[in-house]
Every structure is written in C-alpha cells, then in structure tokens.
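**Q** Below is the file query_3.txt, with compact mmCIF, C-alpha atoms.
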```txt
# COMPACT_ATOMS: atom_id res chain seq x y z
CA MET M 291 0.00 0.00 0.00
CA ILE M 292 1.39 3.32 -1.00
CA LYS M 293 1.43 6.10 1.63
CA MET M 294 0.17 9.45 0.56
CA GLY M 295 3.02 11.30 2.16
CA THR M 296 5.76 9.29 0.41
CA PHE M 297 3.84 9.60 -2.85
CA ASN M 298 3.54 13.38 -2.68
CA ARG M 299 7.11 14.20 -1.94
CA PRO M 300 8.63 12.67 -5.12
CA ILE M 301 6.04 14.52 -7.21
CA SER M 302 6.88 17.77 -5.50
CA LEU M 303 10.59 17.21 -6.01
CA ASN M 304 10.14 16.39 -9.67
CA ARG M 305 8.07 19.54 -10.19
CA ASN M 306 10.70 21.64 -8.51
CA ALA M 307 13.40 20.10 -10.64
CA SER M 308 11.43 20.74 -13.80
CA PHE M 309 10.73 24.29 -12.72
CA ASN M 310 14.39 24.92 -11.92
CA ARG M 311 15.48 23.57 -15.29
CA ALA M 312 12.91 25.79 -17.03
CA VAL M 313 14.11 28.83 -15.13
CA SER M 314 17.70 27.97 -15.90
CA PHE M 315 16.89 27.56 -19.57
CA ASN M 316 15.01 30.87 -19.64
CA LYS M 317 17.92 32.63 -18.03
CA ARG M 318 20.24 31.27 -20.64
CA VAL M 319 17.94 32.29 -23.43
CA LEU M 320 17.45 35.78 -21.98
CA SER M 321 21.16 36.16 -21.44
CA ILE M 322 21.86 35.22 -25.04
CA GLY M 323 19.02 37.44 -26.45
CA SER M 324 18.38 41.23 -26.15
CA PRO M 325 18.34 42.72 -22.60
CA ARG M 326 15.20 44.78 -23.64
CA ILE M 327 13.00 41.70 -23.26
CA SER M 328 13.04 41.80 -19.47
CA ARG M 329 12.19 45.51 -19.48
CA LEU M 330 9.32 44.94 -21.95
CA SER M 331 7.95 42.17 -19.75
CA TRP M 332 8.08 44.51 -16.75
CA VAL M 333 6.31 47.31 -18.66
CA SER M 334 3.67 44.86 -19.88
CA ARG M 335 2.91 43.75 -16.32
CA TRP M 336 2.58 47.33 -15.12
CA PHE M 337 0.36 48.21 -18.10
CA ARG M 338 -2.01 45.34 -17.31
CA ALA M 339 -2.06 46.37 -13.67
CA LEU M 340 -2.90 49.96 -14.60
CA VAL M 341 -5.71 48.78 -16.89
CA ILE M 342 -7.23 46.70 -14.08
CA VAL M 343 -6.94 49.54 -11.55
CA GLY M 344 -8.40 52.04 -14.04
CA SER M 345 -11.33 49.75 -14.74
CA LEU M 346 -12.03 49.37 -11.04
CA ILE M 347 -11.90 53.14 -10.51
CA SER M 348 -14.24 53.75 -13.48
CA PHE M 349 -16.71 51.18 -12.18
CA PHE M 350 -16.61 52.76 -8.72
CA ILE M 351 -17.28 56.26 -10.13
CA ALA M 352 -20.14 54.99 -12.32
CA PHE M 353 -21.66 53.15 -9.39
CA CYS M 354 -21.51 56.23 -7.14
CA CYS M 355 -23.07 58.43 -9.84
CA GLY M 356 -25.85 55.91 -10.32
CA TYR M 357 -26.47 55.76 -6.61
CA PHE M 358 -26.58 59.51 -5.98
CA TYR M 359 -28.42 60.47 -9.19
CA VAL M 360 -30.47 57.61 -10.61
CA LEU M 361 -31.73 55.95 -7.45
CA PRO M 362 -33.16 59.10 -5.80
CA SER M 363 -34.89 59.99 -9.09
CA LEU M 364 -36.42 56.54 -9.34
CA SER M 365 -37.59 56.54 -5.75
CA GLN M 366 -39.08 59.97 -6.25
CA ALA M 367 -40.84 58.91 -9.44
CA PHE M 368 -42.28 55.78 -7.84
CA HIS M 369 -43.48 57.83 -4.89
CA VAL M 370 -45.45 60.13 -7.17
CA TYR M 371 -46.64 57.65 -9.76
CA SER M 372 -47.47 54.97 -7.18
CA ILE M 373 -47.18 52.32 -9.84
CA SER M 374 -45.17 49.27 -10.75
CA SER M 375 -46.32 48.77 -14.31
CA PHE M 376 -46.02 52.22 -15.89
CA ASN M 377 -42.81 51.66 -17.81
CA ASP M 378 -43.78 53.56 -20.94
CA SER M 379 -43.13 57.26 -21.32
CA ILE M 380 -46.10 59.35 -22.36
CA SER M 381 -43.77 61.25 -24.67
CA SER M 382 -42.95 58.05 -26.56
CA CYS M 383 -46.53 56.75 -26.67
CA ASP M 384 -49.68 58.26 -28.14
CA VAL M 385 -51.73 58.14 -24.96
CA LEU M 386 -54.72 59.55 -26.85
CA ASP M 387 -54.83 56.57 -29.21
CA GLY M 388 -56.74 53.87 -27.38
CA SER M 389 -60.13 52.54 -26.38
CA TRP M 390 -62.57 52.45 -23.49
CA VAL M 391 -62.52 49.40 -21.21
CA LEU M 392 -64.71 48.53 -18.25
CA ASP M 393 -62.97 48.80 -14.89
CA ASN M 394 -64.75 48.19 -11.59
CA ASN M 395 -62.20 50.38 -9.81
CA TYR M 396 -64.06 53.35 -11.28
CA PRO M 397 -65.45 55.91 -10.54
CA LEU M 398 -62.60 57.72 -8.81
CA TYR M 399 -64.82 59.71 -6.42
CA ASN M 400 -68.41 60.30 -5.36
CA ALA M 401 -69.81 63.59 -6.68
CA SER M 402 -72.40 63.73 -3.91
CA GLU M 403 -69.55 63.88 -1.39
CA CYS M 404 -67.59 66.53 -3.29
CA PRO M 405 -68.82 70.06 -2.45
CA PHE M 406 -67.23 71.49 -5.61
CA ALA M 407 -69.09 69.29 -8.10
CA GLU M 408 -72.11 71.18 -9.39
CA ARG M 409 -75.34 69.51 -8.51
CA GLY M 410 -76.40 69.73 -12.14
CA PHE M 411 -73.55 67.39 -13.17
CA ASP M 412 -74.15 64.75 -10.46
CA CYS M 413 -76.24 62.46 -12.65
CA LEU M 414 -76.28 59.56 -10.21
CA GLY M 415 -77.32 61.87 -7.39
CA ASN M 416 -80.02 63.32 -9.64
CA GLY M 417 -81.70 59.97 -10.18
CA ARG M 418 -79.87 58.15 -12.97
CA ARG M 419 -80.31 54.44 -12.24
CA ASP M 420 -77.82 52.75 -14.56
CA ASP M 421 -74.23 53.24 -13.45
CA GLU M 422 -72.10 51.51 -16.07
CA TYR M 423 -71.26 54.91 -17.58
CA LEU M 424 -69.15 55.52 -14.45
CA LYS M 425 -66.94 52.47 -14.93
CA TRP M 426 -65.22 53.10 -18.25
CA ARG M 427 -61.46 53.64 -18.20
CA TRP M 428 -59.32 54.89 -21.08
CA LYS M 429 -56.67 52.36 -22.20
CA PRO M 430 -53.97 53.54 -24.64
CA LYS M 431 -52.94 50.96 -27.25
CA ASN M 432 -49.19 50.97 -26.70
CA CYS M 433 -48.69 51.97 -23.08
CA ASN M 434 -50.40 52.05 -19.71
CA MET M 435 -51.90 55.04 -17.99
CA PRO M 436 -50.27 55.62 -14.58
CA THR M 437 -52.24 54.75 -11.49
CA LEU M 438 -52.51 58.09 -9.75
CA ASN M 439 -51.34 58.41 -6.17
CA VAL M 440 -53.49 61.30 -4.94
CA GLN M 441 -51.29 61.99 -1.92
CA GLY M 442 -48.24 62.20 -4.15
CA LEU M 443 -50.07 64.52 -6.54
CA LEU M 444 -51.06 66.82 -3.69
CA GLU M 445 -47.41 67.05 -2.71
CA GLY M 446 -46.50 67.68 -6.33
CA PHE M 447 -48.94 70.60 -6.50
CA ARG M 448 -47.63 72.09 -3.26
CA GLY M 449 -46.97 75.80 -3.65
CA LYS M 450 -48.31 75.87 -7.22
CA ARG M 451 -51.02 77.70 -9.12
CA VAL M 452 -53.09 75.76 -11.65
CA VAL M 453 -55.35 77.78 -13.96
CA PHE M 454 -58.15 76.63 -16.27
CA VAL M 455 -59.40 79.14 -18.86
CA GLY M 456 -62.42 78.54 -21.07
CA ASP M 457 -66.13 77.76 -21.11
CA SER M 458 -68.36 75.56 -18.98
CA MET M 459 -66.59 72.43 -20.25
CA SER M 460 -63.40 73.84 -18.80
CA ARG M 461 -65.23 74.48 -15.53
CA THR M 462 -66.42 70.86 -15.48
CA GLN M 463 -62.84 69.64 -15.91
CA TRP M 464 -61.73 72.02 -13.15
CA GLU M 465 -64.42 70.65 -10.81
CA SER M 466 -63.37 67.10 -11.69
CA LEU M 467 -59.74 67.75 -10.75
CA ILE M 468 -60.77 69.28 -7.41
CA CYS M 469 -62.87 66.22 -6.58
CA LEU M 470 -60.07 63.85 -7.63
CA LEU M 471 -57.55 65.58 -5.37
CA MET M 472 -59.90 65.94 -2.40
CA ASN M 473 -59.75 62.17 -1.97
CA GLY M 474 -56.29 62.64 -0.46
CA VAL M 475 -57.21 65.48 1.92
CA GLN M 476 -58.08 64.48 5.47
CA ASP M 477 -59.41 67.86 6.60
CA LYS M 478 -62.02 68.64 3.96
CA LYS M 479 -62.62 72.09 5.48
CA SER M 480 -59.07 73.04 4.51
CA VAL M 481 -60.27 73.08 0.88
CA TYR M 482 -62.37 76.16 0.14
CA GLU M 483 -63.29 78.71 -2.52
CA VAL M 484 -61.14 81.75 -1.84
CA ASN M 485 -64.02 84.26 -2.04
CA GLY M 486 -66.62 82.06 -0.41
CA ASN M 487 -68.51 81.69 -3.69
CA LYS M 488 -70.63 78.74 -4.67
CA ILE M 489 -69.73 77.04 -7.95
CA THR M 490 -71.95 78.64 -10.57
CA LYS M 491 -71.65 79.45 -14.25
CA GLN M 492 -72.28 83.17 -13.77
CA ILE M 493 -69.02 83.96 -11.94
CA ARG M 494 -66.00 84.78 -14.11
CA TYR M 495 -63.44 83.74 -11.51
CA LEU M 496 -63.45 80.82 -9.11
CA GLY M 497 -60.46 79.74 -7.04
CA VAL M 498 -60.29 76.73 -4.76
CA ARG M 499 -57.44 76.64 -2.28
CA PHE M 500 -55.95 73.50 -0.78
CA ALA M 501 -54.65 75.21 2.36
CA SER M 502 -52.78 72.19 3.76
CA PHE M 503 -50.72 72.00 0.57
CA ASN M 504 -50.55 75.73 -0.24
CA PHE M 505 -51.86 75.59 -3.82
CA THR M 506 -54.89 76.82 -5.73
CA LEU M 507 -56.92 75.46 -8.63
CA GLU M 508 -58.45 78.41 -10.49
CA PHE M 509 -61.05 78.81 -13.21
CA TYR M 510 -61.50 81.87 -15.43
CA ARG M 511 -64.61 82.01 -17.56
CA SER M 512 -63.58 83.15 -21.03
CA VAL M 513 -65.79 81.35 -23.50
CA PHE M 514 -64.19 82.87 -26.62
CA LEU M 515 -60.71 83.66 -25.19
CA VAL M 516 -60.85 87.00 -27.06
CA GLN M 517 -62.55 90.23 -25.96
CA GLN M 518 -66.25 90.83 -26.19
CA GLY M 519 -67.14 94.48 -26.68
CA LEU M 520 -69.96 96.87 -27.40
CA MET M 521 -71.00 97.49 -30.96
CA PRO M 522 -69.00 100.16 -32.86
CA ARG M 523 -70.70 103.41 -33.80
CA HIS M 524 -72.91 103.42 -36.86
CA SER M 525 -73.27 99.63 -36.82
CA PRO M 526 -76.31 97.95 -38.40
CA LYS M 527 -79.22 97.42 -36.04
CA ARG M 528 -78.68 93.67 -35.91
CA VAL M 529 -75.23 94.18 -34.31
CA LYS M 530 -75.55 94.25 -30.52
CA SER M 531 -71.93 93.38 -29.64
CA THR M 532 -68.69 92.23 -31.23
CA LEU M 533 -65.88 89.78 -30.70
CA LYS M 534 -62.58 91.63 -31.04
CA LEU M 535 -60.64 88.86 -32.70
CA ASP M 536 -57.27 90.60 -32.46
CA LYS M 537 -57.44 91.25 -28.70
CA LEU M 538 -57.30 88.60 -26.01
CA ASP M 539 -59.79 88.72 -23.14
CA ASN M 540 -59.28 91.74 -20.87
CA ILE M 541 -58.77 89.46 -17.85
CA SER M 542 -55.86 87.66 -19.54
CA HIS M 543 -53.25 89.42 -17.39
CA GLN M 544 -54.55 87.36 -14.46
CA TRP M 545 -53.52 84.11 -16.15
CA ILE M 546 -49.83 84.98 -16.14
CA ASP M 547 -47.47 83.54 -13.49
CA SER M 548 -49.35 80.27 -13.19
CA ASP M 549 -47.51 76.95 -13.03
CA VAL M 550 -49.99 75.00 -15.14
CA LEU M 551 -52.27 76.74 -17.65
CA ILE M 552 -55.04 74.86 -19.50
CA PHE M 553 -57.07 76.56 -22.24
CA ASN M 554 -60.14 75.52 -24.16
CA THR M 555 -62.81 77.12 -26.34
CA GLY M 556 -65.30 75.97 -28.95
CA GLN M 557 -68.78 75.41 -27.54
CA TRP M 558 -69.82 79.04 -28.00
CA TRP M 559 -68.52 79.34 -31.56
CA VAL M 560 -71.92 78.51 -33.07
CA PRO M 561 -74.43 80.71 -34.92
CA GLY M 562 -77.00 80.62 -32.13
CA LYS M 563 -74.62 82.02 -29.54
CA LEU M 564 -73.07 84.52 -31.92
CA PHE M 565 -75.25 85.84 -34.73
CA GLY M 566 -78.43 84.77 -32.98
CA MET M 567 -77.44 87.01 -30.06
CA GLY M 568 -76.43 89.89 -32.32
CA CYS M 569 -72.70 89.26 -31.84
CA TYR M 570 -70.47 89.73 -34.89
CA PHE M 571 -66.73 89.84 -35.52
CA GLN M 572 -64.40 92.82 -35.38
CA VAL M 573 -60.71 93.21 -36.32
CA GLY M 574 -59.19 96.54 -35.35
CA ASN M 575 -61.87 99.12 -36.03
CA SER M 576 -63.36 97.14 -38.87
CA LEU M 577 -66.62 95.24 -38.47
CA LYS M 578 -66.55 91.89 -40.32
CA LEU M 579 -70.22 91.12 -40.93
CA GLY M 580 -69.58 88.52 -43.61
CA MET M 581 -66.78 86.63 -41.87
CA SER M 582 -67.45 82.91 -41.29
CA ILE M 583 -67.15 81.33 -37.87
CA PRO M 584 -64.21 79.04 -38.84
CA SER M 585 -62.28 82.03 -40.22
CA ALA M 586 -62.98 84.06 -37.09
CA PHE M 587 -61.99 81.15 -34.87
CA ARG M 588 -58.64 80.92 -36.67
CA ILE M 589 -57.91 84.62 -36.15
CA ALA M 590 -58.89 84.34 -32.48
CA LEU M 591 -56.56 81.38 -31.91
CA ASP M 592 -53.72 83.15 -33.70
CA THR M 593 -54.27 86.04 -31.28
CA TRP M 594 -54.21 83.61 -28.36
CA ALA M 595 -51.00 81.99 -29.64
CA SER M 596 -49.26 85.36 -29.99
CA TRP M 597 -50.31 86.32 -26.48
CA VAL M 598 -48.95 83.06 -25.04
CA GLU M 599 -45.65 83.49 -26.89
CA GLU M 600 -45.26 87.06 -25.64
CA ASN M 601 -46.48 86.69 -22.05
CA ILE M 602 -45.89 83.17 -20.77
CA ASP M 603 -42.54 82.02 -19.43
CA THR M 604 -42.51 78.33 -20.35
CA ASN M 605 -39.54 77.76 -18.04
CA ARG M 606 -42.08 78.18 -15.27
CA THR M 607 -45.48 77.50 -16.85
CA ARG M 608 -46.62 74.32 -18.59
CA VAL M 609 -49.22 75.29 -21.20
CA PHE M 610 -51.98 73.00 -22.50
CA PHE M 611 -54.77 73.47 -25.02
CA ARG M 612 -57.66 71.01 -24.76
CA THR M 613 -59.48 70.37 -28.01
CA PHE M 614 -63.19 70.54 -28.76
CA GLU M 615 -65.44 68.14 -26.86
CA PRO M 616 -68.23 66.64 -29.03
CA SER M 617 -71.90 66.73 -28.08
CA HIS M 618 -74.40 63.96 -28.85
CA TRP M 619 -77.67 65.64 -29.71
CA SER M 620 -80.00 63.49 -31.79
CA ASN M 621 -81.43 66.76 -33.09
CA LEU M 622 -79.84 69.97 -31.84
CA THR M 623 -82.47 72.24 -33.41
CA LEU M 624 -85.30 70.38 -31.69
CA ARG M 625 -83.15 69.78 -28.58
CA ILE M 626 -83.62 66.02 -28.73
CA CYS M 627 -81.15 64.30 -26.42
CA ASN M 628 -81.04 60.51 -26.17
CA VAL M 629 -78.37 59.35 -23.73
CA THR M 630 -77.32 55.76 -24.38
CA GLU M 631 -76.50 53.16 -21.73
CA HIS M 632 -73.18 52.21 -23.31
CA PRO M 633 -70.50 53.89 -25.44
CA VAL M 634 -71.21 53.73 -29.17
CA PHE M 635 -68.96 52.47 -31.95
CA GLU M 636 -70.51 54.67 -34.64
CA THR M 637 -69.33 58.18 -33.88
CA LYS M 638 -70.96 59.66 -37.01
CA GLY M 639 -68.19 62.13 -37.68
CA ARG M 640 -68.07 63.48 -34.14
CA GLU M 641 -64.44 62.38 -33.87
CA GLN M 642 -63.58 65.28 -36.17
CA SER M 643 -63.99 69.01 -35.62
CA ILE M 644 -62.92 72.12 -37.50
CA PHE M 645 -62.14 73.68 -34.13
CA THR M 646 -59.84 70.81 -33.20
CA ASP M 647 -58.11 70.87 -36.58
CA THR M 648 -57.56 74.62 -36.26
CA ALA M 649 -56.15 74.31 -32.75
CA LEU M 650 -53.72 71.59 -33.84
CA ASP M 651 -52.53 73.69 -36.77
CA VAL M 652 -52.08 76.84 -34.68
CA VAL M 653 -50.14 75.07 -31.93
CA LYS M 654 -47.95 73.32 -34.50
CA ASN M 655 -46.72 76.71 -35.72
CA MET M 656 -46.06 78.23 -32.30
CA THR M 657 -42.53 79.09 -31.22
CA ILE M 658 -42.90 77.81 -27.66
CA PRO M 659 -43.96 74.36 -26.40
CA VAL M 660 -47.71 73.88 -25.93
CA THR M 661 -49.22 70.44 -25.31
CA VAL M 662 -52.50 69.66 -27.06
CA LEU M 663 -54.93 67.47 -25.12
CA HIS M 664 -56.64 65.98 -28.15
CA ILE M 665 -59.74 64.57 -26.47
CA THR M 666 -62.17 65.00 -29.39
CA SER M 667 -61.99 61.52 -30.87
CA MET M 668 -61.85 59.68 -27.53
CA SER M 669 -64.94 61.53 -26.29
CA ALA M 670 -66.89 60.99 -29.51
CA SER M 671 -68.04 57.51 -28.52
CA ARG M 672 -69.26 58.48 -25.05
CA SER M 673 -72.90 59.23 -25.83
CA ASP M 674 -73.67 57.43 -22.56
CA ALA M 675 -71.93 59.98 -20.35
CA HIS M 676 -73.90 63.20 -20.89
CA VAL M 677 -76.12 64.88 -18.32
CA GLY M 678 -79.30 64.26 -20.33
CA ARG M 679 -82.29 64.79 -18.03
CA TRP M 680 -80.36 63.96 -14.85
CA SER M 681 -79.52 67.55 -13.95
CA ASP M 682 -80.83 70.06 -11.44
CA ASN M 683 -83.28 71.13 -14.17
CA PRO M 684 -84.60 67.91 -15.73
CA SER M 685 -87.05 69.76 -17.96
CA VAL M 686 -84.09 70.97 -20.07
CA PRO M 687 -82.22 68.03 -21.66
CA ASP M 688 -78.46 68.37 -22.02
CA CYS M 689 -76.36 66.35 -24.46
CA SER M 690 -73.44 68.77 -24.32
CA HIS M 691 -72.28 68.73 -20.72
CA TRP M 692 -70.90 65.64 -19.01
CA CYS M 693 -71.82 63.80 -15.84
CA LEU M 694 -69.44 63.88 -12.89
CA PRO M 695 -67.79 61.50 -12.25
CA GLY M 696 -67.24 60.70 -15.90
CA VAL M 697 -65.40 61.67 -19.06
CA PRO M 698 -63.79 64.87 -17.67
CA ASP M 699 -62.00 62.70 -15.10
CA VAL M 700 -60.24 60.92 -17.95
CA TRP M 701 -59.23 64.26 -19.46
CA ASN M 702 -57.60 65.03 -16.13
CA GLU M 703 -55.90 61.64 -15.93
CA ILE M 704 -54.29 62.41 -19.29
CA LEU M 705 -53.38 65.93 -18.16
CA LEU M 706 -51.74 64.54 -15.03
CA SER M 707 -49.94 61.88 -17.06
CA TYR M 708 -48.33 64.60 -19.17
CA LEU M 709 -47.39 66.56 -16.05
CA LEU M 710 -45.83 63.49 -14.44
CA ASP M 711 -43.97 62.59 -17.60
CA GLY M 712 -42.66 66.13 -17.87
CA GLY M 713 -40.91 66.08 -14.48
CA PHE M 714 -43.77 67.09 -12.18
CA HIS M 715 -42.60 65.68 -8.86
CA VAL M 716 -42.53 66.08 -5.13
CA GLN M 717 -40.58 69.14 -4.04
```
Is it possible to give me this structure as structure tokens?
**A**
Amino acid sequence: MIKMGTFNRPISLNRNASFNRAVSFNKRVLSIGSPRISRLSWVSRWFRALVIVGSLISFFIAFCCGYFYVLPSLSQAFHVYSISSFNDSISSCDVLDGSWVLDNNYPLYNASECPFAERGFDCLGNGRRDDEYLKWRWKPKNCNMPTLNVQGLLEGFRGKRVVFVGDSMSRTQWESLICLLMNGVQDKKSVYEVNGNKITKQIRYLGVRFASFNFTLEFYRSVFLVQQGLMPRHSPKRVKSTLKLDKLDNISHQWIDSDVLIFNTGQWWVPGKLFGMGCYFQVGNSLKLGMSIPSAFRIALDTWASWVEENIDTNRTRVFFRTFEPSHWSNLTLRICNVTEHPVFETKGREQSIFTDTALDVVKNMTIPVTVLHITSMSASRSDAHVGRWSDNPSVPDCSHWCLPGVPDVWNEILLSYLLDGGFHVQ
C-alpha cells in the first residue's frame, strides 16, 4: 500500500526540478538574447495592472453616480406615480390613441360627497339608475396610464397655481380635478373657494385653495378667449356686440405667473350664440359682418397663440390646449337628447372638428412648447356619459355637458400623465 506522504514528496521534487530547469533555460535564453525583453515584460505587467486599476476606478465612479443620481430619481418617481407597471413614457406613446374598457375600480370619487361638483352634473345623485357609464377607463394601445397616487399629486402641486381658462366644459374639468384631489385630503374644510362663492356658471373667476398644501386650482370664464365688446358706432341694427378677434380677453393678465395653464374654447362658436345674439366679428376698427365662424376662430386662436408666446414664461409655466369636446344631440335644433347606456362604436363624424383641426394647426406653428390634449376623438363615442335629463333642471335636456364623475375625469388623468412625464414631482 502506497502512503500518501511518500507519494507526494517525489512529485513535489520532480516539479521543482522541472521548474528549476525551465528557469535555468530561460535565463540562458534571456542572457543570449536582447536585454530589452526583461524591461518589456516589466512594462507589460505594469500596463495590465494599470488597466485593471483604471477599470475598477471607473466602475466605482459609475456606481456612485448611479447611486446619488439615478436611485433618488427613481424613488421619487415611484413615490409620485405609485405604480409598478407604468414603464412607458407618455412622450414616446400616443396616450390619446386607445379605447374604453370597463374597470370596476371606477369611478374615482363620489360627486355627492364633493362640495365642488355642481349639482347639475351629479347624474347619479339626480336619479340616474344605470351606473355603467361611471366604470369606463381609457386604455392607450401601446402603453399604460399611470395609477394616480393622490397623496403624491397633492405634494406635487404644493406651492403651485393651476389655472383653467375657457367655457363651462373647462369648468367641469376644473371641478373634476378638485374632486379627484380631495380624496387625499383628510381635513375637507381646509379646501375652500377663496371668495366664499358657490360654484356657478355666472361667476368669471373661481379659485379653490388647498390650504394644507398651499396651492390653488383656479377657473377663469372666457368662452371665446378673445374680448367681447360693445358694438361700434354706426353699426347695423342687428349688431348688438362684437368679438374683437385681435385682442385677447381683458382678464388675460390674471392668467400669467401660473404653473400650469389649461385653455379651451369651442362650444360658444356657433351661430345661435353669436349671430343669434347679435354678436359679430371685429378686427381693429373694422366690423366683419360677412366673416365665417371658422375664419374668425382661426384669427382668435392666432391672437391667443401670440399672447402666449409674448407673455408666458414656459420655463415656469406648462401650457396646454384642450381640443373641442363633441356633443351627442340626436337633433340639436329640436333639442332632442337621447343618452345611451353604453358607449357607441358609430361616432358619425363626431371624432372630427374644424375647431380641433384649427387648434392643432395653430399650436404646431407656435414658437414655444404647448401640449394639445386631443380629447375630441376619444370623447366621440361616449354618448352614454352626458347629463341628459339627470340635472338640477330635468325639464331641459343636455347632451353637451358631461356627468361627474365621468369623461372629464379621464381628461384630467391624461393631463396629469403629461405633467408626471414632464418632471412634475414632489418638491
């Protein structure tokens, strides 16, 4: 039997002998050859060592940068978004290209419990019995909408001023955003209208303050965006007032210095609310009796665009323009309004609007960034979501305005998605 110890020693000796012979041979070879070989070998070893050390230092620097820059940003983003699945950037996905899907997690609030939702828009509270219209969520084709963390949004709005400018549709969206955010406020009395006003369509300015978070959501009623004035001298008898297409509304100075500014107009640009009321168009001192509504609308939006470019600091203010929201009258002349129980697939051309097309073209040619909330086509199928006869005045049907909760909430979800994607975060 062979012992391990006696077996190992001869192997070790043989290896040492072989190694010594190899070293001896190498010395002879090196002594016969050029003396530069030893120096080159030494330089090569140092070079490899420097490469390894440099790589380690580079890795360490990259790791530190990632830790101090990337990780806080990610944690901040996840705190605000409150999501785990929103991996698609709104800027790289057409969030407005999608479809409506049923979601039992909707609605996002109860209008009867929100003091800033007009009673006339609380369809469920006004007796509507079917409630499926409340449960439709907008699903973009190629990305996911973020799940909104209301508490994070309240922190994001801290110290800010958000301004809506437009008609009653703008006011509805404003009310919707207030109700969405109030879900995260414990002391409901800390949310109040700054002048003690009730929410009505007659008041030109409404401002709701979230005192615990030091921000306000404001609404300015400006249905045309441009100035309305008295008729010029020597006007025809049918002219009672004019729209001064080359001058923005005289309250426009109050919109400056906001942090978020959302415009809309369109519902009042119809013959009944213009010519039928004796209101015609004016440019400079010239009365334009024969000017068409689409032509006048274009001039008015060009005036708006110039005002925004000259007065708004986009380093501070994020500017949005929301497009025209379609109505669903079966017969507008006869005021026939048939609200459906479900969204419809046949939009009958309501997905298109000359007002929307004009807004898109005007914004495209602006010299500063303005985001268009193109909600026309997505709202065209929601014939189920109008007020109908479930208002505070059921004798007057309404297929123009929307129930709350409802479609305006989705407009706000898209608005907030753009804000989040654009770096809107906790201070």
**Q** Separation of CA of Ser512 in chain M and CA of Arg625 in chain M, in Å?
**A** 24.9 Å
**Q** Counting only C-alpha atoms, select every polymer residue within 12 Å of (-56.2, 77.4, -20.0) as defined in the file's coordinates, and provide the selection as a PyMOL selection string.
**A** chain M and resi 452-457+459-461+463-464+507-515+542+544-546+548-555+594-595+598+602+607-613+660-663+705
**Q** May I have the protein, DNA and RNA residues with any atom at most 10 Å from the point (-61.3, 48.8, -20.2), counting only C-alpha atoms, written as a PyMOL selection string?
**A** chain M and resi 388-394+425-430
**Q** Pick out the residues sitting within 10 Å of His676 in chain M, and hand them over as a list in words; count all atoms listed in the file, and ignore anything fewer than 3 positions along from it in its own chain.
**A**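 Neighbouring residues, sequence-local ones excluded: Phe411, Cys413, Tyr423, Ser617, His618, Trp619, Cys627, Asn628, Val629, Thr630, Arg672, Ser673, Arg679, Trp680, Ser681, Pro687, Asp688, Cys689, Ser690, His691, Trp692, Cys693, Leu694, Gly696 and Val697 of chain M.
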**Q** Please, could you write that set of residues out with C-alpha atoms as a short mmCIF file (atom, residue, chain, number, x, y, z; two decimals), in the coordinates of the input?
**A**
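File written: part01.cif
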```
data_model
loop_
_atom_site.label_atom_id
_atom_site.label_comp_id
_atom_site.auth_asym_id
_atom_site.auth_seq_id
_atom_site.Cartn_x
_atom_site.Cartn_y
_atom_site.Cartn_z
CA PHE M 411 -73.55 67.39 -13.17
CA CYS M 413 -76.24 62.46 -12.65
CA TYR M 423 -71.26 54.91 -17.58
CA SER M 617 -71.90 66.73 -28.08
CA HIS M 618 -74.40 63.96 -28.85
CA TRP M 619 -77.67 65.64 -29.71
CA CYS M 627 -81.15 64.30 -26.42
CA ASN M 628 -81.04 60.51 -26.17
CA VAL M 629 -78.37 59.35 -23.73
CA THR M 630 -77.32 55.76 -24.38
CA ARG M 672 -69.26 58.48 -25.05
CA SER M 673 -72.90 59.23 -25.83
CA ARG M 679 -82.29 64.79 -18.03
CA TRP M 680 -80.36 63.96 -14.85
CA SER M 681 -79.52 67.55 -13.95
CA PRO M 687 -82.22 68.03 -21.66
CA ASP M 688 -78.46 68.37 -22.02
CA CYS M 689 -76.36 66.35 -24.46
CA SER M 690 -73.44 68.77 -24.32
CA HIS M 691 -72.28 68.73 -20.72
CA TRP M 692 -70.90 65.64 -19.01
CA CYS M 693 -71.82 63.80 -15.84
CA LEU M 694 -69.44 63.88 -12.89
CA GLY M 696 -67.24 60.70 -15.90
CA VAL M 697 -65.40 61.67 -19.06
#
```
**Q** May I ask which of the residues M:Thr437, M:Gln518, M:Ser525, M:Ser620 is the closest one to Ala590 in chain M, counting all atoms listed in the file?
**A**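 The closest residue to Ala590 in chain M is M:Gln518.
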**Q** I need the residue nearest Thr646 in chain M from this list: M:Gly556, M:Phe565, M:Ser585, M:Trp597. Use all atoms listed in the file for the distance.
**A**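 Ranked by minimum distance to Thr646 in chain M, first place goes to M:Gly556.
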**Q** Using only C-alpha atoms, find the one residue out of M:Thr593, M:Lys450, M:Lys479, M:Asp420 that sits nearest to Met656 in chain M.
**A**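 Looking only at the distances to Met656 in chain M, the closest residue turns out to be M:Thr593.
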**Q** By how many Å are CA of Glu631 in chain M and CA of Arg418 in chain M apart?
**A**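 Distance reported for this atom pair: 10.6 Å.
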**Q** May I ask which of the residues M:Phe571, M:Tyr495, M:Trp559, M:Phe500 is the closest one to Met521 in chain M, counting all atoms listed in the file?
**A** M:Phe571
**Q** Which residue gives the smallest distance to Lys491 in chain M among M:Thr462, M:Asn504, M:Ser402, M:Gln476, with all atoms listed in the file counted?
**A**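 Comparing M:Thr462, M:Asn504, M:Ser402, M:Gln476 against Lys491 in chain M, the winner is M:Thr462.
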**Q** In terms of the shortest atom-to-atom distance over only C-alpha atoms, which of M:Phe635, M:Thr666, M:Arg588, M:Asn487 is closest to Val652 in chain M?
**A**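 Among the listed residues, M:Arg588 lies closest to Val652 in chain M.
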**Q** How many Å lie between CA of Ala501 in chain M and CA of Tyr396 in chain M, rounded to one decimal?
**A**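 Atom-to-atom, CA of Ala501 in chain M and CA of Tyr396 in chain M are spaced 27.4 Å apart.
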**Q** Which polymer residues have any atom within 9 Å of an atom of Gln572 in chain M, counting only C-alpha atoms, with same-chain residues fewer than 4 positions away left out, as a PyMOL selection string?
**A** chain M and resi 532-536+576-579
**Q** Residues near Thr490 in chain M, anyone? I mean within 10 Å using all atoms listed in the file, not counting same-chain ones fewer than 2 positions away, as a list of chain:residue names.
**A** M:Phe406, M:Glu408, M:Arg409, M:Ser458, M:Arg461, M:Asn487, M:Lys488, M:Gln492, M:Ile493, M:Arg494, M:Tyr495, M:Leu496
